[in-house]
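Visitor: Have a look at the structure that comes next, please.
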Amino acid sequence: MRITLGTDQGTVILESRTNAGLLAWTFVSRAQQGRQIRCLIQGANNSILATGNHGVVYKTKDYHNWMASTEGLEGQSITSIGVHPLASHIMYAGTTPPNLYFSDTAGLRWRHLDSFNQLPEAEQWRYPLPPYRAKITGLLFHPHYSDIVLASIACGGLLGSLDCGISWMERPLGLEREINAINLHPALPNRIFAATATGIYRSDDIGSSWTLLDRGIPYSYARCSVISPEEPNFIMACVSQSRDSSIQQTMICSADGGDTWEICSNGLPDFTTQIITCLDAAGKDCFAIGTSKGNVYLTANRGKFWQHVHRDIAPVNAILLQNTSEGTL
């Protein structure tokens, strides 16, 4: 198992190794030290893309050597990146304040999509806390209809494009405007989950209408969420009492597409001084989280028990979990 972390001090890659029947985690590499990395995504051929402040996209294929590209993104603070599932050379990058950039060169060169900011609603995109700048928090591509793109904004709601980003429209019906994460599974491509400031919502019609899923959820602020790659009905999320609360927060999961939820935090500490910031999944049962204090936790059984993988790295902003042939949990 491999864990890549985007932190306030660059990227950190950890791998699990089996020694005498025991599982241990070791450092593979560090990179971009001194740079804040805010998002990670897996590209083609198991490559990794990392982005953050300063308008730089970093890419690695061997997990040691990174290539940086900035053309067209200079000075931008990147908060989300998406890779087209049918054409991996096509990418989108979202920023704070909300701007959208497009690349058809696998991230080597980028151009600004003016139409994204020309919506009348753009004037209302504003985050409630300083520095009050809204941000793009998610970019999704429909796996079957290649021209459909979705972008979530905190706080600006959900936008959709039917022409691969040339034009955009709001998809607001019944949905909270502060969206922290959006997810879909290729096996059920018309169903979208949104983790928001007022709970977790589900759409079964590509965002045309939304239903609040709150049965069994103890807190309403949903910070992050992810769907199991091999089980489209299993979703895990972090919820808390409020946007800035670290005391009242926990992990929850649903095995029936969000209809019912249960707490799945056995083995996790009482988060009194740190916030769960990010979440990812690999395989059928493995999930990992990172925190604002640089701690990393992993479960290999869908949250029945969590183990502490590493501590005191640097504040973790993004996490990417990948299966490997050796040391797979």
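By convention here, the chains of the structure tokens are called A, B, ... in the order presented, each chain's residues are numbered starting at 1, and ligands are numbered starting at 1 in the order presented.
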Using only C-alpha atoms, I'd like a table of the residues in region 117-224 of chain A that come within 8 Å of region 97-110 of chain A; for each, show the closest atom pair and its distance in Å rounded to one decimal, ordered by chain and ascending number, as a tab-separated table.
Guide:
```
residue	atom	partner	partner_atom	distance
A:Asn117	CA	A:Asn99	CA	6.6
A:Arg133	CA	A:Pro97	CA	5.4
A:Ala134	CA	A:Pro97	CA	5.5
A:Lys135	CA	A:Pro98	CA	5.1
A:Ile136	CA	A:Pro98	CA	5.6
A:Ile153	CA	A:Pro98	CA	7.6
```
Visitor: DSSP on the backbone: which residues in region 150-191 of chain A end up as strand (DSSP E or B)? Give the answer as a ChimeraX atom specification.
Guide: /A:150-154,157-161,169-170,179-185,188-191
Visitor: Could you build a table of the residues in region 65-173 of chain A lying no more than 12 Å from region 233-244 of chain A, giving for each the nearest pair of atoms and their separation in Å rounded to one decimal place, using only C-alpha atoms, ordered by chain and ascending residue number, as JSON lines?
Guide:
```
{"residue": "A:Tyr127", "atom": "CA", "partner": "A:Arg243", "partner_atom": "CA", "distance": 11.5}
{"residue": "A:Pro128", "atom": "CA", "partner": "A:Arg243", "partner_atom": "CA", "distance": 10.1}
{"residue": "A:Leu129", "atom": "CA", "partner": "A:Arg243", "partner_atom": "CA", "distance": 9.8}
{"residue": "A:Ala154", "atom": "CA", "partner": "A:Arg243", "partner_atom": "CA", "distance": 11.8}
```
Visitor: Keeping N, CA and C atoms for every residue in the selection just given, could you write it to a file as a PDB file, in the first residue's frame?
Guide:
```pdb
ATOM      1  N   TYR A 127     -16.593  33.012   0.535  1.00  0.00           N
ATOM      2  CA  TYR A 127     -16.462  32.118   1.688  1.00  0.00           C
ATOM      3  C   TYR A 127     -16.746  32.908   2.965  1.00  0.00           C
ATOM      4  N   PRO A 128     -17.386  32.299   3.981  1.00  0.00           N
ATOM      5  CA  PRO A 128     -17.802  33.063   5.165  1.00  0.00           C
ATOM      6  C   PRO A 128     -16.679  33.411   6.140  1.00  0.00           C
ATOM      7  N   LEU A 129     -15.471  32.856   5.951  1.00  0.00           N
ATOM      8  CA  LEU A 129     -14.364  33.141   6.866  1.00  0.00           C
ATOM      9  C   LEU A 129     -13.237  33.838   6.113  1.00  0.00           C
ATOM     10  N   ALA A 154     -16.987  26.118  -2.779  1.00  0.00           N
ATOM     11  CA  ALA A 154     -17.309  26.550  -1.419  1.00  0.00           C
ATOM     12  C   ALA A 154     -16.912  28.027  -1.321  1.00  0.00           C
TER      13      ALA A 154
END
```
Visitor: What lies within 7 Å of Ile48 (chain A) using only C-alpha atoms, ignoring chain neighbours under 5 positions off, as a PyMOL selection string?
Guide: chain A and resi 41-43+59-61
Visitor: Find, counting only C-alpha atoms, the residue in A:Ser167, A:Asn65, A:Thr299, A:Gly267 that gets nearest to Gln118 (chain A).
Guide: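 When distances to Gln118 (chain A) are compared using only C-alpha atoms, the smallest one comes from A:Ser167.
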Visitor: In Å, with one decimal, what is the gap from CA of Arg126 (chain A) to CA of Phe271 (chain A)?
Guide: 28.4 Å
Visitor: Extract, using only C-alpha atoms, all DNA, RNA and protein residues at most 6 Å from Arg202 (chain A), discarding same-chain residues fewer than 3 positions from it, and format them as a list in words.
Guide: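 These residues fall inside the cut-off: Ile192, Phe193, Trp210 and Thr211 of chain A.
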Visitor: Choose the residue, out of A:Asn323, A:Ser208, A:Ser292, A:Asn190, that has the smallest atom-to-atom separation from Asn46 (chain A); count only C-alpha atoms.
Guide: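 So, comparing all the options, the nearest one is A:Asn323.
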Visitor: Considering only C-alpha atoms, can you say which of A:Ile166, A:Ile275, A:Ile200, A:Met91 comes closest to Gly257 (chain A)?
Guide: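 That would be A:Ile200, the residue with the smallest distance to Gly257 (chain A).
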Visitor: So the first atom is CA of Ile13 (chain A) and the second is CA of Arg30 (chain A); what is the distance between them in Å, to one decimal place?
Guide: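 Taking CA of Ile13 (chain A) as the start and CA of Arg30 (chain A) as the end point, the length is 6.5 Å.
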